file entry21.cif (mmCIF, C-alpha atoms)
data_upload
loop_
_atom_site.label_atom_id
_atom_site.label_comp_id
_atom_site.auth_asym_id
_atom_site.auth_seq_id
_atom_site.Cartn_x
_atom_site.Cartn_y
_atom_site.Cartn_z
CA MET A 1 -31.09 -105.98 -39.60
CA SER A 2 -31.68 -104.38 -43.01
CA PHE A 3 -29.31 -106.86 -44.66
CA ILE A 4 -30.92 -109.82 -42.89
CA LEU A 5 -34.43 -108.68 -43.86
CA PHE A 6 -33.25 -108.17 -47.45
CA LEU A 7 -31.91 -111.75 -47.53
CA LEU A 8 -35.14 -113.11 -46.03
CA VAL A 9 -37.33 -111.34 -48.60
CA HIS A 10 -34.92 -112.22 -51.43
CA ASN A 11 -34.93 -115.90 -50.43
CA TRP A 12 -38.72 -115.79 -50.16
CA GLU A 13 -38.93 -114.36 -53.69
CA LYS A 14 -36.51 -116.98 -55.02
CA LYS A 15 -38.53 -119.71 -53.33
CA ASN A 16 -41.73 -118.40 -54.94
CA GLN A 17 -39.92 -118.17 -58.26
CA ARG A 18 -38.74 -121.78 -57.94
CA THR A 19 -42.23 -122.90 -56.93
CA GLU A 20 -43.83 -121.12 -59.89
CA PHE A 21 -41.17 -122.47 -62.27
CA LYS A 22 -41.65 -125.99 -60.94
CA SER A 23 -45.40 -125.67 -61.42
CA TRP A 24 -44.99 -124.53 -65.04
CA ALA A 25 -42.37 -127.20 -65.72
CA LYS A 26 -44.62 -129.95 -64.40
CA ALA A 27 -47.50 -128.66 -66.49
CA TYR A 28 -45.27 -128.61 -69.61
CA THR A 29 -43.89 -132.10 -69.08
CA ASN A 30 -47.28 -133.58 -68.20
CA ALA A 31 -48.82 -132.05 -71.33
CA VAL A 32 -46.01 -133.32 -73.56
CA GLU A 33 -46.01 -136.81 -72.05
CA SER A 34 -49.79 -137.03 -72.27
CA THR A 35 -49.76 -135.93 -75.91
CA LEU A 36 -47.05 -138.43 -76.84
CA ASN A 37 -49.02 -141.21 -75.17
CA ASP A 38 -52.07 -140.14 -77.16
CA TYR A 39 -50.03 -140.36 -80.36
CA LYS A 40 -48.87 -143.82 -79.33
CA GLY A 41 -52.50 -144.74 -78.57
CA ALA A 42 -53.50 -143.74 -82.11
CA LEU A 43 -51.08 -146.35 -83.48
CA LEU A 44 -52.41 -148.98 -81.07
CA PHE A 45 -55.91 -148.21 -82.32
CA LEU A 46 -54.76 -148.83 -85.89
CA GLY A 47 -53.04 -152.03 -84.74
CA ASP A 48 -56.29 -153.30 -83.23
CA PHE A 49 -57.94 -152.73 -86.60
CA PHE A 50 -55.35 -154.94 -88.33
CA ASN A 51 -55.37 -157.58 -85.60
CA ASN A 52 -59.13 -157.94 -85.91
CA SER A 53 -59.11 -158.19 -89.71
CA THR A 54 -58.04 -161.09 -91.85
CA LEU A 55 -57.17 -158.81 -94.74
CA VAL A 56 -57.09 -155.00 -94.82
CA THR A 57 -57.27 -153.51 -98.28
CA ARG A 58 -55.61 -150.25 -99.25
CA LYS A 59 -59.00 -148.57 -99.44
CA GLU A 60 -60.02 -149.78 -95.98
CA PHE A 61 -56.70 -148.63 -94.58
CA THR A 62 -57.01 -145.20 -96.16
CA SER A 63 -60.58 -144.78 -94.97
CA PHE A 64 -59.70 -145.81 -91.42
CA VAL A 65 -56.65 -143.62 -90.91
CA ALA A 66 -58.27 -140.64 -92.67
CA ASN A 67 -60.58 -140.36 -89.66
CA ILE A 68 -57.68 -140.46 -87.19
CA LEU A 69 -55.18 -138.06 -88.72
CA PRO A 70 -57.09 -134.76 -88.22
CA ARG A 71 -56.89 -135.24 -84.46
CA TYR A 72 -53.11 -135.64 -84.49
CA PRO A 73 -51.28 -132.83 -86.31
CA GLY A 74 -47.90 -134.28 -85.36
CA ILE A 75 -48.46 -137.45 -87.38
CA GLN A 76 -46.88 -137.08 -90.79
CA ALA A 77 -48.47 -140.28 -92.06
CA PHE A 78 -49.70 -143.74 -91.19
CA GLY A 79 -48.36 -146.73 -93.02
CA TRP A 80 -48.67 -150.45 -93.40
CA ASN A 81 -45.27 -152.01 -93.89
CA PRO A 82 -45.56 -155.75 -94.65
CA LEU A 83 -42.64 -158.11 -94.22
CA VAL A 84 -41.93 -159.25 -97.82
CA LYS A 85 -39.69 -162.14 -98.75
CA ASP A 86 -37.51 -161.62 -101.80
CA THR A 87 -39.46 -164.33 -103.60
CA ASN A 88 -42.60 -162.19 -103.31
CA ARG A 89 -40.99 -158.87 -104.27
CA ALA A 90 -42.15 -158.89 -107.86
CA LEU A 91 -45.62 -159.89 -106.77
CA TYR A 92 -45.95 -156.88 -104.47
CA GLU A 93 -44.53 -154.48 -107.03
CA SER A 94 -46.89 -155.80 -109.68
CA ALA A 95 -49.95 -155.59 -107.40
CA ALA A 96 -49.19 -151.97 -106.51
CA ARG A 97 -48.81 -151.03 -110.15
CA LYS A 98 -52.16 -152.64 -110.91
CA GLU A 99 -53.71 -150.44 -108.21
CA GLY A 100 -52.63 -147.37 -110.17
CA PHE A 101 -49.08 -146.75 -108.93
CA ALA A 102 -47.31 -147.27 -112.23
CA ASP A 103 -43.82 -146.36 -111.00
CA PHE A 104 -44.00 -148.31 -107.76
CA GLU A 105 -40.87 -150.23 -106.80
CA PHE A 106 -38.90 -151.19 -103.70
CA THR A 107 -36.46 -148.38 -102.92
CA GLU A 108 -33.65 -147.49 -100.54
CA ARG A 109 -31.50 -144.46 -99.85
CA ALA A 110 -28.14 -144.38 -101.61
CA GLN A 111 -24.99 -142.92 -100.10
CA THR A 112 -25.66 -139.77 -102.10
CA ASN A 113 -28.96 -139.51 -100.15
CA ALA A 114 -30.94 -140.12 -103.37
CA MET A 115 -33.75 -142.68 -103.48
CA VAL A 116 -32.79 -145.64 -105.70
CA ARG A 117 -34.15 -149.10 -106.45
CA ALA A 118 -33.50 -151.42 -103.51
CA GLU A 119 -30.87 -154.06 -103.88
CA ARG A 120 -31.98 -157.64 -103.60
CA ARG A 121 -31.94 -159.09 -100.07
CA GLU A 122 -33.64 -161.93 -98.29
CA GLU A 123 -36.56 -159.86 -96.98
CA TYR A 124 -37.88 -156.32 -96.97
CA VAL A 125 -40.15 -154.18 -94.80
CA ILE A 126 -41.83 -152.05 -97.43
CA VAL A 127 -43.89 -148.88 -97.05
CA TYR A 128 -46.80 -150.42 -98.96
CA TYR A 129 -49.87 -148.56 -97.64
CA LEU A 130 -49.31 -144.87 -96.92
CA HIS A 131 -51.71 -142.11 -96.04
CA PRO A 132 -51.68 -139.31 -96.83
CA LEU A 133 -49.73 -140.01 -99.97
CA ALA A 134 -49.48 -136.33 -100.90
CA GLY A 135 -46.23 -134.99 -99.52
CA ASN A 136 -45.05 -138.49 -98.63
CA THR A 137 -44.50 -140.03 -102.07
CA ALA A 138 -40.74 -140.18 -101.48
CA ALA A 139 -41.37 -142.74 -98.74
CA PHE A 140 -43.81 -144.87 -100.77
CA GLY A 141 -42.10 -148.19 -101.54
CA PHE A 142 -39.15 -147.45 -99.21
CA ASP A 143 -37.61 -150.48 -97.54
CA ILE A 144 -37.25 -149.31 -93.96
CA ALA A 145 -35.14 -152.39 -93.20
CA SER A 146 -32.44 -150.93 -95.45
CA ASP A 147 -31.72 -148.27 -92.85
CA LYS A 148 -29.72 -149.33 -89.80
CA THR A 149 -31.67 -147.13 -87.36
CA ARG A 150 -35.03 -148.38 -88.58
CA LEU A 151 -33.80 -151.98 -88.68
CA THR A 152 -32.85 -151.80 -85.00
CA ALA A 153 -36.42 -150.83 -84.09
CA ILE A 154 -37.82 -153.51 -86.42
CA ASN A 155 -35.83 -156.25 -84.74
CA LYS A 156 -36.67 -155.01 -81.25
CA GLY A 157 -40.39 -154.72 -82.03
CA SER A 158 -40.63 -158.14 -83.67
CA HIS A 159 -38.96 -159.78 -80.68
CA THR A 160 -40.90 -157.97 -77.93
CA GLY A 161 -44.26 -157.63 -79.67
CA LYS A 162 -44.51 -154.05 -78.33
CA THR A 163 -44.69 -150.65 -79.94
CA THR A 164 -41.13 -149.55 -80.62
CA ALA A 165 -39.80 -146.15 -81.59
CA THR A 166 -36.72 -145.61 -83.70
CA ALA A 167 -33.90 -143.30 -82.72
CA ARG A 168 -34.16 -139.85 -84.24
CA LEU A 169 -34.49 -139.81 -88.02
CA LYS A 170 -34.32 -137.38 -90.84
CA LEU A 171 -37.56 -138.55 -92.42
CA VAL A 172 -37.49 -139.48 -96.06
CA GLN A 173 -40.41 -137.13 -96.70
CA GLU A 174 -39.18 -134.35 -94.36
CA THR A 175 -38.61 -131.01 -96.05
CA GLY A 176 -37.87 -129.01 -92.91
CA ASN A 177 -35.18 -129.25 -90.28
CA GLN A 178 -36.91 -131.16 -87.52
CA PHE A 179 -36.25 -134.73 -86.53
CA GLY A 180 -38.84 -137.45 -86.65
CA THR A 181 -39.31 -140.96 -85.36
CA LEU A 182 -41.16 -144.03 -86.54
CA LEU A 183 -43.44 -145.85 -84.15
CA LEU A 184 -43.67 -149.47 -85.21
CA LEU A 185 -46.30 -151.88 -83.90
CA PRO A 186 -45.75 -155.48 -85.01
CA ILE A 187 -48.71 -157.31 -86.57
CA TYR A 188 -48.63 -161.09 -86.47
CA HIS A 189 -50.49 -163.75 -88.39
CA LEU A 190 -53.69 -164.69 -86.64
CA ASP A 191 -53.90 -167.82 -84.51
CA ARG A 192 -50.15 -168.34 -84.43
CA PRO A 193 -48.10 -168.97 -81.25
CA LEU A 194 -46.32 -165.84 -80.01
CA ASN A 195 -44.85 -166.98 -76.72
CA THR A 196 -41.17 -166.65 -77.54
CA PRO A 197 -39.12 -164.13 -79.53
CA GLU A 198 -38.42 -166.81 -82.11
CA GLU A 199 -42.14 -167.56 -82.55
CA ARG A 200 -42.93 -163.86 -82.82
CA ARG A 201 -40.19 -163.34 -85.40
CA LYS A 202 -41.35 -166.39 -87.40
CA ASN A 203 -45.01 -165.34 -87.44
CA LEU A 204 -44.42 -161.62 -88.09
CA LYS A 205 -46.73 -160.29 -90.76
CA GLY A 206 -45.52 -156.69 -90.84
CA PHE A 207 -45.78 -153.38 -89.01
CA VAL A 208 -48.31 -150.62 -88.77
CA VAL A 209 -46.23 -147.48 -88.70
CA GLU A 210 -46.82 -144.01 -87.42
CA VAL A 211 -44.52 -141.35 -88.85
CA LEU A 212 -44.18 -138.84 -86.01
CA ARG A 213 -42.76 -135.36 -86.47
CA ILE A 214 -41.44 -134.70 -82.96
CA GLY A 215 -41.42 -130.92 -83.10
CA THR A 216 -44.98 -130.67 -84.39
CA ALA A 217 -46.21 -133.08 -81.72
CA ILE A 218 -44.53 -131.04 -78.97
CA GLU A 219 -45.90 -127.78 -80.31
CA THR A 220 -49.38 -129.32 -80.45
CA SER A 221 -49.17 -130.38 -76.83
CA LEU A 222 -48.19 -126.87 -75.69
CA LYS A 223 -50.40 -124.81 -78.00
CA ASP A 224 -52.75 -123.80 -75.17
CA PHE A 225 -49.94 -122.62 -72.90
CA SER A 226 -49.04 -118.97 -72.71
CA ASP A 227 -45.45 -118.08 -73.49
CA GLU A 228 -43.76 -117.93 -70.10
CA GLY A 229 -40.20 -117.62 -71.39
CA LEU A 230 -39.43 -121.31 -70.82
CA CYS A 231 -37.33 -123.51 -73.06
CA LEU A 232 -38.12 -127.24 -73.37
CA THR A 233 -35.54 -129.64 -74.77
CA ILE A 234 -36.10 -133.34 -75.43
CA TYR A 235 -33.34 -135.94 -75.52
CA ASP A 236 -33.36 -139.63 -76.41
CA MET A 237 -31.27 -141.16 -73.62
CA SER A 238 -31.34 -144.55 -75.38
CA ALA A 239 -29.38 -143.17 -78.32
CA ASP A 240 -25.66 -142.65 -78.71
CA LYS A 241 -24.34 -139.57 -76.96
CA GLY A 242 -23.96 -137.52 -80.14
CA ASN A 243 -27.48 -138.35 -81.36
CA GLN A 244 -29.53 -137.79 -78.20
CA PHE A 245 -30.94 -134.37 -79.06
CA LEU A 246 -34.47 -134.60 -80.49
CA TYR A 247 -36.11 -131.20 -80.28
CA GLN A 248 -35.88 -127.87 -78.56
CA ARG A 249 -38.78 -125.55 -78.05
CA PRO A 250 -37.45 -122.13 -77.04
CA SER A 251 -39.66 -119.33 -75.85
CA ARG A 252 -41.56 -117.71 -78.69
CA ILE A 253 -40.30 -114.40 -77.32
CA LEU A 254 -36.90 -115.25 -78.75
CA LYS A 255 -35.97 -116.21 -82.25
CA SER A 256 -36.24 -119.90 -82.98
CA ARG A 257 -33.10 -121.98 -82.59
CA ASP A 258 -32.04 -124.80 -84.88
CA HIS A 259 -29.44 -126.14 -82.45
CA PRO A 260 -29.63 -127.22 -78.81
CA ILE A 261 -28.49 -125.09 -75.92
CA SER A 262 -25.53 -126.66 -74.13
CA ALA A 263 -26.36 -128.88 -71.17
CA GLY A 264 -24.01 -126.87 -68.95
CA LYS A 265 -25.92 -123.67 -69.62
CA ILE A 266 -29.27 -125.41 -69.21
CA GLN A 267 -28.41 -126.70 -65.74
CA THR A 268 -27.40 -123.27 -64.46
CA GLY A 269 -29.99 -121.72 -62.14
CA LEU A 270 -33.57 -122.93 -62.37
CA PHE A 271 -33.69 -126.36 -63.92
CA TRP A 272 -36.24 -129.18 -64.28
CA ASN A 273 -35.97 -132.54 -65.95
CA LYS A 274 -38.05 -135.68 -66.23
CA THR A 275 -37.20 -139.01 -67.81
CA PHE A 276 -39.98 -141.26 -69.07
CA ASP A 277 -40.47 -144.35 -71.21
CA PHE A 278 -41.79 -143.86 -74.72
CA ALA A 279 -42.19 -146.81 -77.06
CA GLU A 280 -39.33 -148.84 -75.53
CA ARG A 281 -36.98 -145.84 -75.39
CA ARG A 282 -35.95 -143.51 -72.57
CA TRP A 283 -36.75 -139.92 -73.38
CA LYS A 284 -35.79 -137.02 -71.20
CA MET A 285 -37.44 -133.60 -71.04
CA VAL A 286 -35.40 -130.69 -69.73
CA ILE A 287 -36.96 -127.30 -68.99
CA HIS A 288 -35.11 -124.14 -68.04
CA PRO A 289 -36.04 -120.46 -68.13
CA LEU A 290 -34.66 -118.07 -70.70
CA ASP A 291 -33.98 -114.36 -70.18
CA GLY A 292 -37.58 -113.51 -70.99
CA TYR A 293 -38.76 -115.53 -68.00
CA TYR A 294 -36.51 -113.61 -65.61
CA HIS A 295 -37.37 -110.25 -67.21
CA SER A 296 -41.08 -110.84 -66.66
CA ARG A 297 -40.49 -111.93 -63.06
CA LYS A 298 -37.92 -109.52 -61.76
CA MET A 299 -37.58 -109.74 -58.02
CA TRP A 300 -38.27 -106.14 -57.01
CA GLN A 301 -39.76 -106.71 -53.59
CA ALA A 302 -36.46 -107.46 -51.88
CA TRP A 303 -34.89 -104.35 -53.40
CA ILE A 304 -37.90 -102.22 -52.47
CA VAL A 305 -37.71 -103.53 -48.91
CA SER A 306 -33.96 -102.92 -48.97
CA LEU A 307 -34.46 -99.36 -50.22
CA GLY A 308 -37.08 -98.72 -47.54
CA LEU A 309 -34.83 -100.17 -44.87
CA VAL A 310 -31.86 -98.11 -46.09
CA LEU A 311 -34.05 -95.00 -45.98
CA LEU A 312 -35.25 -95.92 -42.50
CA THR A 313 -31.68 -96.63 -41.42
CA SER A 314 -30.57 -93.29 -42.86
CA LEU A 315 -33.34 -91.45 -41.00
CA LEU A 316 -32.48 -93.30 -37.82
CA ALA A 317 -28.79 -92.55 -38.31
CA PHE A 318 -29.60 -88.89 -38.95
CA TYR A 319 -31.73 -88.79 -35.81
CA LEU A 320 -29.03 -90.49 -33.76
CA LEU A 321 -26.42 -88.15 -35.20
CA LYS A 322 -28.54 -85.17 -34.20
CA LYS A 323 -28.96 -86.67 -30.74
CA ILE A 324 -25.23 -87.30 -30.47
CA LEU A 325 -24.42 -83.78 -31.62
CA TYR A 326 -27.03 -82.36 -29.24
CA THR A 327 -25.64 -84.44 -26.37
CA ALA A 328 -22.11 -83.38 -27.29
CA GLU A 329 -23.23 -79.74 -27.30
CA ILE A 330 -24.89 -80.16 -23.91
CA GLU A 331 -21.76 -81.83 -22.56
CA ARG A 332 -19.66 -79.01 -24.00
CA ARG A 333 -21.92 -76.44 -22.41
CA VAL A 334 -21.91 -78.30 -19.11
CA LYS A 335 -18.13 -78.53 -19.24
CA THR A 336 -17.87 -74.83 -20.09
CA GLN A 337 -20.33 -74.01 -17.35
CA ALA A 338 -18.38 -76.21 -14.96
CA GLN A 339 -15.19 -74.37 -15.88
CA THR A 340 -17.00 -71.06 -15.47
CA ASN A 341 -18.40 -72.20 -12.12
CA GLN A 342 -14.94 -73.29 -11.06
CA GLN A 343 -13.57 -69.90 -12.04
CA LEU A 344 -16.43 -68.25 -10.18
CA GLU A 345 -15.81 -70.46 -7.19
CA THR A 346 -12.12 -69.49 -7.32
CA GLU A 347 -13.05 -65.83 -7.66
CA ILE A 348 -15.57 -66.19 -4.85
CA LYS A 349 -12.99 -67.89 -2.69
CA ASP A 350 -10.47 -65.17 -3.54
CA ARG A 351 -13.08 -62.48 -2.92
CA THR A 352 -14.19 -64.18 0.26
CA ALA A 353 -10.59 -64.38 1.39
CA ALA A 354 -10.08 -60.74 0.44
CA GLU A 355 -13.28 -59.78 2.24
CA ALA A 356 -12.23 -61.83 5.25
CA GLU A 357 -8.85 -60.12 5.17
CA ARG A 358 -10.59 -56.78 4.76
CA ASP A 359 -12.95 -57.56 7.63
CA LEU A 360 -9.98 -58.56 9.70
CA THR A 361 -8.24 -55.31 8.81
CA ILE A 362 -11.40 -53.39 9.60
CA LEU A 363 -11.71 -55.31 12.82
CA ASN A 364 -8.12 -54.51 13.68
CA LEU A 365 -8.61 -50.89 12.76
CA GLN A 366 -11.84 -50.85 14.72
CA HIS A 367 -10.03 -52.37 17.60
CA ALA A 368 -7.28 -49.72 17.19
CA LEU A 369 -9.90 -47.02 17.01
CA ASN A 370 -11.51 -48.43 20.06
CA GLU A 371 -8.16 -48.20 21.85
CA VAL A 372 -7.20 -44.74 20.62
CA LYS A 373 -9.34 -41.66 20.78
CA THR A 374 -8.01 -38.63 19.02
CA LEU A 375 -8.67 -35.11 20.33
CA ARG A 376 -9.52 -32.92 17.43
CA GLY A 377 -10.41 -29.32 16.88
CA ILE A 378 -9.48 -26.22 18.96
CA LEU A 379 -9.39 -26.80 22.72
CA PRO A 380 -10.22 -23.67 24.76
CA ILE A 381 -7.66 -23.71 27.61
CA CYS A 382 -7.15 -21.15 30.31
CA SER A 383 -3.95 -19.21 29.89
CA PHE A 384 -3.34 -19.21 33.65
CA CYS A 385 -4.74 -22.28 35.29
CA LYS A 386 -4.68 -24.35 32.11
CA LYS A 387 -8.23 -25.63 32.52
CA ILE A 388 -10.12 -26.64 29.46
CA ARG A 389 -13.68 -25.67 28.65
CA ASP A 390 -15.96 -28.52 27.44
CA ASP A 391 -18.91 -28.28 25.07
CA LYS A 392 -21.26 -27.46 27.92
CA GLY A 393 -19.17 -24.50 29.03
CA TYR A 394 -17.68 -26.13 32.13
CA TRP A 395 -14.03 -25.72 32.89
CA GLU A 396 -12.23 -28.87 33.71
CA GLN A 397 -8.73 -29.74 34.66
CA VAL A 398 -6.61 -30.85 31.77
CA ASP A 399 -6.12 -34.31 33.15
CA VAL A 400 -9.83 -34.75 33.76
CA TYR A 401 -10.70 -33.60 30.24
CA ILE A 402 -8.14 -35.90 28.57
CA HIS A 403 -9.34 -38.83 30.64
CA LYS A 404 -12.94 -38.21 29.60
CA HIS A 405 -12.24 -37.67 25.90
CA SER A 406 -9.58 -40.37 25.27
CA GLN A 407 -8.69 -43.82 26.32
CA ALA A 408 -5.61 -42.59 28.15
CA ASP A 409 -5.31 -43.03 31.89
CA ILE A 410 -3.72 -40.16 33.79
CA SER A 411 -1.00 -40.74 36.31
CA HIS A 412 0.26 -37.77 38.28
CA GLY A 413 3.88 -36.88 38.76
CA ILE A 414 6.14 -33.72 39.07
CA CYS A 415 8.45 -32.57 36.40
CA PRO A 416 11.97 -31.38 37.38
CA ASP A 417 11.13 -27.72 36.95
CA CYS A 418 8.12 -27.97 39.25
CA ILE A 419 10.08 -29.93 41.81
CA LYS A 420 12.70 -27.20 41.77
CA GLN A 421 10.08 -24.49 42.12
CA HIS A 422 7.98 -26.11 44.73
CA TYR A 423 10.33 -28.52 46.33
CA PRO A 424 13.79 -27.04 46.05
CA LYS A 425 15.30 -29.33 48.66
CA GLU A 426 14.06 -32.48 46.94
CA HIS A 427 15.26 -31.05 43.67
CA LYS A 428 18.75 -30.68 44.97
CA THR A 429 18.64 -34.20 46.23
CA LEU A 430 17.24 -35.63 43.01
CA TYR A 431 19.18 -33.50 40.57
CA PRO A 432 22.43 -32.37 42.20
CA ASP A 433 24.22 -31.89 38.88
CA LYS A 434 21.38 -29.72 37.64
CA ASP A 435 21.86 -27.25 40.49
CA LYS A 436 25.61 -26.96 39.91
CA ASP A 437 25.05 -25.96 36.35
CA ASP A 438 22.60 -23.34 37.43
#

call {"tool": "encode", "arguments": {"input": "entry21.cif", "output": "structure tokens"}}
result
Amino acid sequence: MSFILFLLVHNWEKKNQRTEFKSWAKAYTNAVESTLNDYKGALLFLGDFFNNSTLVTRKEFTSFVANILPRYPGIQAFGWNPLVKDTNRALYESAARKEGFADFEFTERAQTNAMVRAERREEYVIVYYLHPLAGNTAAFGFDIASDKTRLTAINKGSHTGKTTATARLKLVQETGNQFGTLLLLPIYHLDRPLNTPEERRKNLKGFVVEVLRIGTAIETSLKDFSDEGLCLTIYDMSADKGNQFLYQRPSRILKSRDHPISAGKIQTGLFWNKTFDFAERRWKMVIHPLDGYYHSRKMWQAWIVSLGLVLLTSLLAFYLLKKILYTAEIERRVKTQAQTNQQLETEIKDRTAAEAERDLTILNLQHALNEVKTLRGILPICSFCKKIRDDKGYWEQVDVYIHKHSQADISHGICPDCIKQHYPKEHKTLYPDKDKDD
């Protein structure tokens, strides 16, 4: 019963732990997803500004996005990236230099990772407007179409007409270790047909771009959450297997990690994941507890119940042991008493038999005494007539006295001497040989 109750309480605690973890995980994922949608909405807002304007100057662009950026800490920069034909390259470079950017030119990243002047190609997608420029100058003039990852998003966005995110990027202007992504919203020439992918590609004007630092955006979304010892990891399921990891937010209780925790370890024990669409890509959020989560939620109740039940069981066992020992002692005493009683019964039987034998002997002796009377003491007898004097002083014949004082009956006869003295003739007849001897 103690073991069953322990399991019931332990399972109840685990169920509560799972319920609490699920609640926190849902709150985390909802907050992150909501924040990312807000960041996407900021780009759509900028796109509406371009779609409703015939021409947006650099000053108008800067003024507009300057009001948006403070609300979105995860946005590294906003940009306007026009689609530039090679025939117009010099025109764009010259116009930018006239606006005060003397060293402006179309650039690309060399194999050595250095920024160099872009090679000539049929068309470019140039970072032409950029705000804030401070901290992002390395990206100013960069041809995002020169990068394969960015080019994939450009082609997808121009064909679908929707906001498209790139796979994870090491941003040109990034000085830290986190990954970023570019959100690209295609802008088309006004009053042009956009019904087919070909029409959209033909009438593409450029892209408004949001440079999103993924880690900062995630941290912003969870800034109001207390540290519960949970780790959140984000993957881009649309990317190649080796490039799916985007960001990991471990518990602040632990030291920050620059590498993802293995999926096998993540899916051990409590585990929560949610896949959602973000700018034409499939992102997946995975949440699992770290040691700090378990330490702050140790399941003591089951062990306390178990300890109490063990104590109760011990007391019950001690009580039962005492009862068993007491019962055994009573049984031993009863058995001893029974043996004693049996011995007493045997002794009583033996004594009863002895007493019966004694009574029989006494009875026999009494019977013998009743049959025999013994004459004791000195009998006063007459020297001549042989009469005996009794206690009252009367003289009685010997035969009468013996008859009165014993159980003997007297029969009268004549001895040979008396026969001879009193009846000589009969004597001779009875004892002829006796007379010859005389």

call {"tool": "residues_near_point", "arguments": {"input": "entry21.cif", "point": "(-55.2, -144.7, -95.5)", "cutoff": "6 Å", "atoms": "all atoms listed in the file", "output": "ChimeraX atom specification"}}
result
/A:61-63,65-66,131

call {"tool": "residues_around", "arguments": {"input": "entry21.cif", "residues": "region 155-158 of chain A", "least_positions_apart": "5", "cutoff": "6 Å", "atoms": "all atoms listed in the file", "output": "list in words"}}
result
Thr164, Pro186 and Arg201 of chain A

call {"tool": "resolve_selection", "arguments": {"input": "entry21.cif", "expression": "the PyMOL selection byres ((chain A and resi 83) around 6)", "output": "list in words"}}
result
Pro82, Val84, Tyr124, Val125, Lys205 and Gly206 of chain A

call {"tool": "closest_residue", "arguments": {"input": "entry21.cif", "among": "A:Glu122, A:Glu33, A:Asp390, A:Glu228", "to": "Glu20 (chain A)", "atoms": "only C-alpha atoms"}}
result
A:Glu228

call {"tool": "resolve_selection", "arguments": {"input": "entry21.cif", "expression": "the PyMOL selection byres ((chain A and resi 1) around 12)", "output": "compact mmCIF listing (two decimals) with C-alpha atoms, keeping the file's coordinate frame"}}
result
# COMPACT_ATOMS: atom_id res chain seq x y z
CA SER A 2 -31.68 -104.38 -43.01
CA PHE A 3 -29.31 -106.86 -44.66
CA ILE A 4 -30.92 -109.82 -42.89
CA LEU A 5 -34.43 -108.68 -43.86
CA PHE A 6 -33.25 -108.17 -47.45
CA LEU A 7 -31.91 -111.75 -47.53
CA LEU A 8 -35.14 -113.11 -46.03
CA VAL A 305 -37.71 -103.53 -48.91
CA SER A 306 -33.96 -102.92 -48.97
CA LEU A 309 -34.83 -100.17 -44.87
CA VAL A 310 -31.86 -98.11 -46.09
CA LEU A 312 -35.25 -95.92 -42.50
CA THR A 313 -31.68 -96.63 -41.42

call {"tool": "residues_around", "arguments": {"input": "entry21.cif", "residues": "region 232-235 of chain A", "least_positions_apart": "2", "cutoff": "8 Å", "atoms": "all atoms listed in the file", "output": "compact mmCIF listing (two decimals) with C-alpha atoms, in the coordinates of the input"}}
result
# COMPACT_ATOMS: atom_id res chain seq x y z
CA LEU A 230 -39.43 -121.31 -70.82
CA MET A 237 -31.27 -141.16 -73.62
CA GLN A 244 -29.53 -137.79 -78.20
CA PHE A 245 -30.94 -134.37 -79.06
CA LEU A 246 -34.47 -134.60 -80.49
CA TYR A 247 -36.11 -131.20 -80.28
CA GLN A 248 -35.88 -127.87 -78.56
CA ARG A 249 -38.78 -125.55 -78.05
CA PRO A 250 -37.45 -122.13 -77.04
CA PRO A 260 -29.63 -127.22 -78.81
CA TRP A 283 -36.75 -139.92 -73.38
CA LYS A 284 -35.79 -137.02 -71.20
CA MET A 285 -37.44 -133.60 -71.04
CA VAL A 286 -35.40 -130.69 -69.73
CA ILE A 287 -36.96 -127.30 -68.99
CA HIS A 288 -35.11 -124.14 -68.04

call {"tool": "resolve_selection", "arguments": {"input": "entry21.cif", "expression": "the PyMOL selection byres ((chain A and resi 180-182) around 7)", "output": "number ranges by chain"}}
result
A: 165-171, 178-179, 183-184, 209-214
